[in-house]
Amino acid sequence: PQLEVVVVGMAHGAEKLYRDALHQADCKGMPIYCPFYRAAGALLGMNLWPEETVPRLLLCPDWAFCEFLPCPAKEDSRTVLLGELWEGREYSLVLTARPGQYRCQAGEVLRVTGFHRQCPVVEPVRRDSQVLSVRGENIPEERFCQSLCRAVGMWPGARLVDYVCVESALLGASSGASAPHYEVFVELQGLRDLSEAQRYKV
């Protein structure tokens, strides 16, 4: 009744699917705001621009120690610090978080979209740590999700609600005796009156 904004914990990667579903259904026309940026258990930045549809996040230098590897990484690449980032470039995040002071490559790829005062403003691009790799092909989850959305878009009126992709080895004997492969389970909306042959193709 008096809801003015929807606050979400994350709004990039495969989570964009759920944000879009909210936009098309219950929260039509309402802004969806992701106030914070977290990675590897650390709070790293804030979104100071709630009215923008694509979250831009201001990295806060005191919350964790961040280093960045230029993408694509080369063998002799060295990490750079906040003050050495270039606008328009992509970087992989290397993080040293306060609890425990551990250093790790977070698997997050960020694009620098500008600066607010002297702090970089970034947009999350993808998670390199989330990949499908049944035979070593390393397909990023983001790319798989985009491909699946394009495929669903070929069916008139269809909309992807949710999906799960698993490696056949996880399903055991129920997936058959064929070579390792992926099995994709989808929840679709808007498909009606399909013949048996069309259902099989879906």
# chains A, B, ... in the order shown; residues from 1 in each chain; ligands from 1

call {"tool": "residues_around", "arguments": {"residues": "Leu93 of chain A", "least_positions_apart": "3", "cutoff": "6 Å", "atoms": "only C-alpha atoms", "output": "list of chain:residue names"}}
result
A:Phe68, A:Ala106, A:Glu108

call {"tool": "residues_around", "arguments": {"residues": "Asn47 of chain A", "least_positions_apart": "5", "cutoff": "7 Å", "atoms": "only C-alpha atoms", "output": "MDAnalysis selection string"}}
result
chainID A and resid 34:36 55:58

call {"tool": "residues_around", "arguments": {"residues": "Ala169 of chain A", "least_positions_apart": "5", "cutoff": "9 Å", "atoms": "only C-alpha atoms", "output": "list in words"}}
result
Val134, Ser175, Pro180, His181 and Tyr182 of chain A

call {"tool": "select_by_dssp", "arguments": {"residues": "chain A", "states": "strand (DSSP E)", "output": "ChimeraX atom specification"}}
result
/A:6-7,32-33,36-39,42-46,57-59,65-70,90-96,103-116,119-127,131-132,139-140,159-167,182-189

call {"tool": "residues_around", "arguments": {"residues": "segment 125-128 of chain A", "least_positions_apart": "4", "cutoff": "12 Å", "atoms": "only C-alpha atoms", "output": "PyMOL selection string"}}
result
chain A and resi 11-16+39-40+54-57+71-72+88-93+105-113+132+138-146

call {"tool": "write_last_selection", "arguments": {"atoms": "C-alpha atoms", "output": "short mmCIF file (atom, residue, chain, number, x, y, z; two decimals), in the first residue's frame"}}
result
data_model
loop_
_atom_site.label_atom_id
_atom_site.label_comp_id
_atom_site.auth_asym_id
_atom_site.auth_seq_id
_atom_site.Cartn_x
_atom_site.Cartn_y
_atom_site.Cartn_z
CA ALA A 11 21.37 -7.38 -7.74
CA HIS A 12 23.95 -8.73 -10.16
CA GLY A 13 24.81 -12.04 -11.77
CA ALA A 14 22.12 -14.72 -11.76
CA GLU A 15 20.27 -12.76 -9.06
CA LYS A 16 19.25 -10.32 -11.81
CA ALA A 39 32.06 -10.31 -1.32
CA ALA A 40 33.79 -13.20 0.43
CA VAL A 54 21.98 -0.66 -12.56
CA PRO A 55 23.68 -0.60 -9.15
CA ARG A 56 26.87 1.48 -8.99
CA LEU A 57 28.84 0.91 -5.83
CA CYS A 71 41.37 -8.46 -16.52
CA PRO A 72 42.19 -10.46 -18.48
CA GLY A 88 36.31 1.74 -17.94
CA ARG A 89 38.60 -1.18 -17.11
CA GLU A 90 37.71 -4.49 -15.49
CA TYR A 91 39.49 -5.92 -12.47
CA SER A 92 39.38 -9.13 -10.47
CA LEU A 93 39.04 -8.48 -6.74
CA GLN A 105 41.01 -13.89 -4.77
CA ALA A 106 37.28 -13.32 -4.34
CA GLY A 107 36.29 -14.41 -7.85
CA GLU A 108 34.42 -11.14 -8.42
CA VAL A 109 35.07 -9.09 -11.55
CA LEU A 110 34.32 -5.37 -11.27
CA ARG A 111 34.20 -2.59 -13.88
CA VAL A 112 35.24 0.89 -12.80
CA THR A 113 32.49 3.26 -13.96
CA LEU A 132 29.99 -24.95 -14.84
CA ASN A 138 34.66 -23.43 -17.26
CA ILE A 139 31.46 -21.73 -18.43
CA PRO A 140 30.67 -18.74 -16.18
CA GLU A 141 27.23 -18.96 -14.58
CA GLU A 142 26.42 -15.47 -15.86
CA ARG A 143 27.04 -16.54 -19.48
CA PHE A 144 24.97 -19.69 -19.03
CA CYS A 145 22.09 -17.65 -17.59
CA GLN A 146 22.24 -15.18 -20.50
#

call {"tool": "atom_distance", "arguments": {"atom1": "atom CA of Gln24 of chain A", "atom2": "atom CA of Arg159 of chain A"}}
result
10.4 Å

call {"tool": "atom_distance", "arguments": {"atom1": "atom CA of Arg103 of chain A", "atom2": "atom CA of Glu123 of chain A"}}
result
21.9 Å
